[in-house]
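*Asks:* Below you'll find input37.csv; it's CSV, C-alpha atoms.
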chain,number,residue,atom,x,y,z
R,1,MET,CA,0.0,0.0,0.0
R,2,ALA,CA,1.5,3.4,-1.0
R,3,GLU,CA,1.7,6.2,1.4
R,4,GLN,CA,0.0,9.4,0.6
R,5,ASN,CA,1.9,12.7,1.0
R,6,ASN,CA,-0.3,15.7,1.6
R,7,GLY,CA,2.6,18.1,1.7
R,8,ALA,CA,3.1,17.8,5.5
R,9,VAL,CA,6.7,17.8,6.6
R,10,GLY,CA,7.7,14.8,8.7
R,11,ALA,CA,8.7,15.3,12.3
R,12,ASP,CA,12.3,14.4,11.5
R,13,GLN,CA,12.7,17.1,8.8
R,14,ALA,CA,13.9,20.6,9.6
R,15,GLN,CA,11.8,23.5,8.6
R,16,PHE,CA,12.9,26.9,7.4
R,17,SER,CA,10.3,29.7,7.1
R,18,ILE,CA,10.3,33.4,6.3
R,19,GLN,CA,8.6,35.4,9.1
R,20,LYS,CA,8.9,38.9,7.6
R,21,ILE,CA,10.4,40.9,4.8
R,22,TYR,CA,10.7,44.6,5.2
R,23,VAL,CA,12.6,47.8,4.2
R,24,LYS,CA,14.7,48.9,7.1
R,25,ASP,CA,16.6,51.8,5.6
R,26,VAL,CA,16.1,53.9,2.4
R,27,SER,CA,18.1,56.9,1.2
R,28,PHE,CA,18.0,59.0,-2.0
R,29,GLU,CA,20.2,62.1,-2.5
R,30,VAL,CA,20.7,64.4,-5.4
R,31,PRO,CA,23.3,66.8,-4.0
R,32,SER,CA,23.7,69.0,-7.1
R,33,ALA,CA,20.0,69.4,-8.0
R,34,PRO,CA,18.7,71.2,-9.9
R,35,GLN,CA,21.8,72.2,-11.9
R,36,ILE,CA,22.8,68.6,-12.5
R,37,PHE,CA,19.7,68.0,-14.7
R,38,SER,CA,21.1,70.3,-17.4
R,39,GLU,CA,24.7,69.2,-17.4
R,40,PRO,CA,25.9,67.2,-20.5
R,41,GLY,CA,28.0,64.1,-20.3
R,42,GLN,CA,27.8,60.3,-19.8
R,43,PRO,CA,27.1,59.3,-16.2
R,44,GLN,CA,28.9,56.4,-14.6
R,45,LEU,CA,27.2,54.0,-12.3
R,46,GLU,CA,28.8,52.2,-9.4
R,47,LEU,CA,26.9,49.4,-7.6
R,48,ASN,CA,27.8,48.2,-4.1
R,49,LEU,CA,26.1,45.1,-2.7
R,50,ASN,CA,26.5,43.8,0.8
R,51,GLN,CA,24.8,41.2,2.9
R,52,LYS,CA,24.8,40.6,6.7
R,53,VAL,CA,23.4,37.8,8.7
R,54,GLY,CA,22.7,38.1,12.4
R,55,ARG,CA,21.2,35.8,15.0
R,56,VAL,CA,18.1,37.4,16.5
R,57,ALA,CA,17.2,34.5,18.9
R,58,ASP,CA,17.7,30.8,19.1
R,59,GLY,CA,16.6,29.4,15.7
R,60,MET,CA,15.8,32.9,14.3
R,61,PHE,CA,18.1,35.0,12.0
R,62,GLU,CA,17.9,38.3,10.3
R,63,VAL,CA,19.4,38.7,6.8
R,64,VAL,CA,20.1,42.2,5.5
R,65,LEU,CA,20.7,42.8,1.8
R,66,GLY,CA,22.1,46.3,1.1
R,67,VAL,CA,22.3,47.8,-2.3
R,68,THR,CA,23.9,51.2,-2.9
R,69,LEU,CA,23.9,52.8,-6.4
R,70,THR,CA,26.1,55.8,-6.9
R,71,CYS,CA,25.8,57.8,-10.2
R,72,LYS,CA,28.5,60.4,-11.1
R,73,LEU,CA,29.3,62.7,-13.9
R,74,GLY,CA,33.1,62.7,-13.8
R,75,GLU,CA,33.8,63.3,-10.1
R,76,LYS,CA,30.6,65.2,-9.5
R,77,PRO,CA,27.9,63.1,-7.8
R,78,ILE,CA,24.5,63.0,-9.6
R,79,TYR,CA,22.6,60.8,-7.2
R,80,LEU,CA,23.1,58.2,-4.4
R,81,ALA,CA,20.3,55.6,-3.9
R,82,GLU,CA,20.5,53.2,-1.0
R,83,VAL,CA,18.1,50.4,0.1
R,84,ARG,CA,18.5,47.9,2.9
R,85,ASN,CA,16.0,45.1,2.9
R,86,ARG,CA,15.7,42.7,5.8
R,87,LEU,CA,14.3,39.3,6.1
R,88,ASN,CA,13.5,37.6,9.4
R,89,ASN,CA,13.4,33.8,9.3
R,90,GLN,CA,13.0,31.0,11.7
R,91,TYR,CA,14.1,27.5,11.4
R,92,ASP,CA,13.4,24.4,13.4
R,93,GLY,CA,16.9,22.9,13.7
R,94,GLY,CA,15.7,19.4,14.4
R,95,ALA,CA,17.2,16.4,12.8
R,96,GLY,CA,18.5,17.0,9.3
R,97,PHE,CA,19.4,20.7,9.4
R,98,ASP,CA,23.2,20.9,9.8
R,99,ASP,CA,25.3,24.1,10.1
R,100,ARG,CA,26.5,23.9,6.5
R,101,THR,CA,22.9,23.7,5.2
R,102,LEU,CA,21.8,26.6,7.4
R,103,ASP,CA,24.8,28.7,6.3
R,104,MET,CA,23.9,28.0,2.6
R,105,MET,CA,20.3,28.9,3.1
R,106,LEU,CA,21.2,32.2,4.8
R,107,GLY,CA,23.9,32.9,2.2
R,108,THR,CA,22.0,32.0,-1.0
R,109,TYR,CA,18.2,31.4,-0.5
R,110,CYS,CA,17.6,34.5,1.7
R,111,PRO,CA,19.3,37.1,-0.6
R,112,ASN,CA,17.6,35.5,-3.6
R,113,VAL,CA,14.2,36.2,-1.8
R,114,LEU,CA,15.2,39.7,-0.9
R,115,PHE,CA,16.7,40.7,-4.2
R,116,PRO,CA,13.5,41.4,-6.2
R,117,TYR,CA,12.3,43.7,-3.5
R,118,ALA,CA,15.5,45.7,-3.4
R,119,ARG,CA,15.6,45.9,-7.2
R,120,GLN,CA,12.1,47.2,-7.5
R,121,PHE,CA,12.6,49.7,-4.7
R,122,LEU,CA,15.9,51.0,-6.1
R,123,GLY,CA,14.4,51.3,-9.6
R,124,GLU,CA,11.4,53.3,-8.2
R,125,LEU,CA,13.7,55.6,-6.2
R,126,VAL,CA,15.8,56.5,-9.3
R,127,ALA,CA,12.7,57.1,-11.5
R,128,GLN,CA,10.9,59.2,-8.9
R,129,GLY,CA,14.1,61.2,-8.5
R,130,GLY,CA,13.6,62.4,-12.1
R,131,PHE,CA,16.3,60.2,-13.7
R,132,PRO,CA,16.0,57.5,-16.5
R,133,PRO,CA,14.8,54.2,-15.2
R,134,PHE,CA,17.4,51.9,-13.7
R,135,TYR,CA,17.1,48.1,-13.9
R,136,LEU,CA,19.4,46.1,-11.6
R,137,GLN,CA,20.5,43.0,-13.4
R,138,PRO,CA,20.0,39.6,-11.7
R,139,ILE,CA,22.8,38.6,-9.3
R,140,ASN,CA,24.1,35.1,-8.9
R,141,PHE,CA,24.1,34.7,-5.1
R,142,GLU,CA,25.1,31.1,-5.4
R,143,ALA,CA,28.4,32.1,-7.2
R,144,LEU,CA,29.0,34.9,-4.6
R,145,TYR,CA,28.5,32.4,-1.8
R,146,ALA,CA,30.8,29.9,-3.4
R,147,GLU,CA,33.5,32.6,-3.8
R,148,GLY,CA,33.0,33.5,-0.1
R,149,LEU,CA,33.6,29.9,0.9
R,150,ARG,CA,36.7,29.7,-1.3
R,151,GLN,CA,38.1,32.9,0.3
R,152,ARG,CA,37.3,31.6,3.8
R,153,ALA,CA,39.1,28.3,3.0
R,154,GLN,CA,42.0,30.2,1.7
R,155,VAL,CA,42.3,32.3,4.8
R,156,ALA,CA,42.0,29.2,7.0
R,157,ALA,CA,44.7,27.5,4.9
R,158,VAL,CA,47.2,30.3,5.6
R,159,GLY,CA,46.7,30.2,9.3
R,160,GLY,CA,43.6,32.3,9.9
R,161,GLY,CA,45.2,35.6,8.8
R,162,GLU,CA,42.9,38.5,7.8
R,163,LEU,CA,41.4,38.5,4.3
R,164,ARG,CA,42.4,41.6,2.4
R,165,GLN,CA,40.4,42.9,-0.5
What's the structure tokens form of this structure?
*Replies:*
Amino acid sequence: MAEQNNGAVGADQAQFSIQKIYVKDVSFEVPSAPQIFSEPGQPQLELNLNQKVGRVADGMFEVVLGVTLTCKLGEKPIYLAEVRNRLNNQYDGGAGFDDRTLDMMLGTYCPNVLFPYARQFLGELVAQGGFPPFYLQPINFEALYAEGLRQRAQVAAVGGGELRQ
């Protein structure tokens, strides 16, 4: 007789659930307005992405995805747009949820969930600031996570010295 699976998770399986997604911090500055709107030239964009993970309580973490977009005309700043989205999640660390899996979930799954919110918010900030629309290209968080693991392993192999970038 075959067992029927109604989608319920067995008692021996760990569960990972998102509790809340929210914007914690937003900033948009146009320091040279209104003169900057009439200046000719090709603007340059610089994107800075950062991620932080913190333990809120036992079995609960907060993941922060920060995206900063700086637009300049030569050395003159045109605008600075910054968004920090946060995700609170909870997991039941019962059987089957090891530290490596948790680290991977926090380092890849969570930023992938947060990214569309940050991209939309950033695009709206830029457009509402009176500038051409900005579309943030997809980011491969799995590759970034793998590179972070490689760098951590390299640091550990040389005796735990500080990683310099």
*Asks:* Please identify every residue of segment 73-95 of chain R that has at least one atom no farther than 10 Å from an atom of segment 123-145 of chain R, counting only C-alpha atoms, and for each give the shortest atom pair and the distance in Å to one decimal, arranged by chain then increasing number, as CSV.
*Replies:*
residue,atom,partner,partner_atom,distance
R:Ile78,CA,R:Phe131,CA,9.6
R:Tyr79,CA,R:Val126,CA,8.3
R:Leu80,CA,R:Val126,CA,9.0
R:Ala81,CA,R:Leu125,CA,7.0
R:Glu82,CA,R:Leu125,CA,8.9
R:Val83,CA,R:Leu125,CA,9.3
*Asks:* Write out as a list in words each polymer residue whose atoms come within 12 Å of Gly148 of chain R, counting all atoms listed in the file; drop sequence neighbours fewer than 2 positions from it.
*Replies:* Gln51, Asp103, Met104, Gly107, Thr108, Phe141, Glu142, Ala143, Leu144, Tyr145, Ala146, Arg150, Gln151, Arg152, Ala153, Gln154, Val155, Leu163 and Gln165 of chain R
*Asks:* In terms of the shortest atom-to-atom distance over only C-alpha atoms, which of R:Leu106, R:Ala157, R:Val64, R:Leu114 is closest to Asp25 of chain R?
*Replies:*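 Smallest separation from Asp25 of chain R among the options: R:Val64.
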*Asks:* Here is a test: counting all atoms listed in the file, which residue of R:Glu75, R:Ser32, R:Tyr91, R:Leu122 is nearest to Ala57 of chain R?
*Replies:*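 Ranking R:Glu75, R:Ser32, R:Tyr91, R:Leu122 by distance to Ala57 of chain R, first place goes to R:Tyr91.
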*Asks:* How many Å separate atom CA of Glu147 of chain R from atom CA of Lys72 of chain R?
*Replies:*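 Atom CA of Glu147 of chain R sits 29.2 Å away from atom CA of Lys72 of chain R.
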*Asks:* Ranking R:Val23, R:Leu149, R:Leu49, R:Leu87 by minimum distance to Phe61 of chain R and counting all atoms listed in the file, which one comes first?
*Replies:* R:Leu87
*Asks:* In terms of the shortest atom-to-atom distance over only C-alpha atoms, which of R:Leu73, R:Leu65, R:Ile21, R:Met60 is closest to Pro43 of chain R?
*Replies:*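 With only C-alpha atoms as the atom set, the closest residue is R:Leu73.
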*Asks:* Please provide as a PDB file with C-alpha atoms, in the frame of the given file all residues within 7 Å of Gln19 of chain R, with the sequence filter that same-chain residues fewer than 5 positions apart are discarded (counting all atoms listed in the file).
*Replies:*
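Printed below is around.pdb as written:
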ATOM      1  CA  ASN R  88      13.500  37.600   9.400  1.00  0.00           C
ATOM      2  CA  ASN R  89      13.400  33.800   9.300  1.00  0.00           C
ATOM      3  CA  GLN R  90      13.000  31.000  11.700  1.00  0.00           C
TER       4      GLN R  90
END
*Asks:* Of the candidates R:Thr70, R:Ser27, R:Asn50, R:Gln44, which one gets nearest to Arg86 of chain R if we count only C-alpha atoms?
*Replies:*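 Of all the options, R:Asn50 lies closest to Arg86 of chain R.
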*Asks:* Kindly indicate which residue among R:Leu45, R:Ala33, R:Val53, R:Val26 lies nearest to Cys110 of chain R, using all atoms listed in the file for the distances.
*Replies:*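 The answer is R:Val53, which sits nearest to Cys110 of chain R.
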*Asks:* I'd like the interatomic distance between atom CA of Ile18 of chain R and atom CA of Asp99 of chain R, to a tenth of an Å.
*Replies:*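 That distance, rounded to one decimal, is 18.1 Å.
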*Asks:* Please report the interatomic distance between atom CA of Tyr117 of chain R and atom CA of Cys71 of chain R in Å with one decimal.
*Replies:* 20.6 Å
*Asks:* Is it possible to dump segment 18-33 of chain R as a PDB file, in the first residue's frame, including just N, CA and C atoms?
*Replies:*
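Result file is decode24.pdb:
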ATOM      1  N   ILE R  18      10.151  31.942   6.327  1.00  0.00           N
ATOM      2  CA  ILE R  18      10.343  33.385   6.347  1.00  0.00           C
ATOM      3  C   ILE R  18       9.223  33.976   7.194  1.00  0.00           C
ATOM      4  N   GLN R  19       9.614  34.789   8.172  1.00  0.00           N
ATOM      5  CA  GLN R  19       8.647  35.408   9.060  1.00  0.00           C
ATOM      6  C   GLN R  19       8.204  36.776   8.559  1.00  0.00           C
ATOM      7  N   LYS R  20       9.158  37.562   8.027  1.00  0.00           N
ATOM      8  CA  LYS R  20       8.852  38.932   7.641  1.00  0.00           C
ATOM      9  C   LYS R  20       9.905  39.451   6.684  1.00  0.00           C
ATOM     10  N   ILE R  21       9.471  40.186   5.661  1.00  0.00           N
ATOM     11  CA  ILE R  21      10.364  40.901   4.756  1.00  0.00           C
ATOM     12  C   ILE R  21       9.980  42.368   4.851  1.00  0.00           C
ATOM     13  N   TYR R  22      10.974  43.228   5.052  1.00  0.00           N
ATOM     14  CA  TYR R  22      10.661  44.648   5.185  1.00  0.00           C
ATOM     15  C   TYR R  22      11.848  45.513   4.785  1.00  0.00           C
ATOM     16  N   VAL R  23      11.556  46.770   4.501  1.00  0.00           N
ATOM     17  CA  VAL R  23      12.593  47.751   4.192  1.00  0.00           C
ATOM     18  C   VAL R  23      12.955  48.415   5.509  1.00  0.00           C
ATOM     19  N   LYS R  24      14.216  48.358   5.861  1.00  0.00           N
ATOM     20  CA  LYS R  24      14.694  48.931   7.115  1.00  0.00           C
ATOM     21  C   LYS R  24      15.244  50.335   6.916  1.00  0.00           C
ATOM     22  N   ASP R  25      15.901  50.564   5.774  1.00  0.00           N
ATOM     23  CA  ASP R  25      16.567  51.841   5.561  1.00  0.00           C
ATOM     24  C   ASP R  25      16.530  52.185   4.079  1.00  0.00           C
ATOM     25  N   VAL R  26      16.173  53.439   3.774  1.00  0.00           N
ATOM     26  CA  VAL R  26      16.139  53.921   2.396  1.00  0.00           C
ATOM     27  C   VAL R  26      16.731  55.322   2.378  1.00  0.00           C
ATOM     28  N   SER R  27      17.530  55.590   1.363  1.00  0.00           N
ATOM     29  CA  SER R  27      18.105  56.919   1.223  1.00  0.00           C
ATOM     30  C   SER R  27      18.214  57.256  -0.261  1.00  0.00           C
ATOM     31  N   PHE R  28      17.862  58.487  -0.606  1.00  0.00           N
ATOM     32  CA  PHE R  28      18.047  58.964  -1.973  1.00  0.00           C
ATOM     33  C   PHE R  28      18.484  60.424  -1.896  1.00  0.00           C
ATOM     34  N   GLU R  29      19.621  60.723  -2.503  1.00  0.00           N
ATOM     35  CA  GLU R  29      20.173  62.077  -2.459  1.00  0.00           C
ATOM     36  C   GLU R  29      20.540  62.538  -3.858  1.00  0.00           C
ATOM     37  N   VAL R  30      20.236  63.787  -4.150  1.00  0.00           N
ATOM     38  CA  VAL R  30      20.658  64.445  -5.384  1.00  0.00           C
ATOM     39  C   VAL R  30      21.339  65.738  -4.946  1.00  0.00           C
ATOM     40  N   PRO R  31      22.627  65.663  -4.591  1.00  0.00           N
ATOM     41  CA  PRO R  31      23.296  66.815  -3.975  1.00  0.00           C
ATOM     42  C   PRO R  31      23.442  68.035  -4.876  1.00  0.00           C
ATOM     43  N   SER R  32      23.453  67.853  -6.183  1.00  0.00           N
ATOM     44  CA  SER R  32      23.684  68.983  -7.092  1.00  0.00           C
ATOM     45  C   SER R  32      22.427  69.417  -7.834  1.00  0.00           C
ATOM     46  N   ALA R  33      21.261  69.046  -7.323  1.00  0.00           N
ATOM     47  CA  ALA R  33      20.017  69.441  -7.987  1.00  0.00           C
ATOM     48  C   ALA R  33      19.765  70.923  -7.723  1.00  0.00           C
TER      49      ALA R  33
END
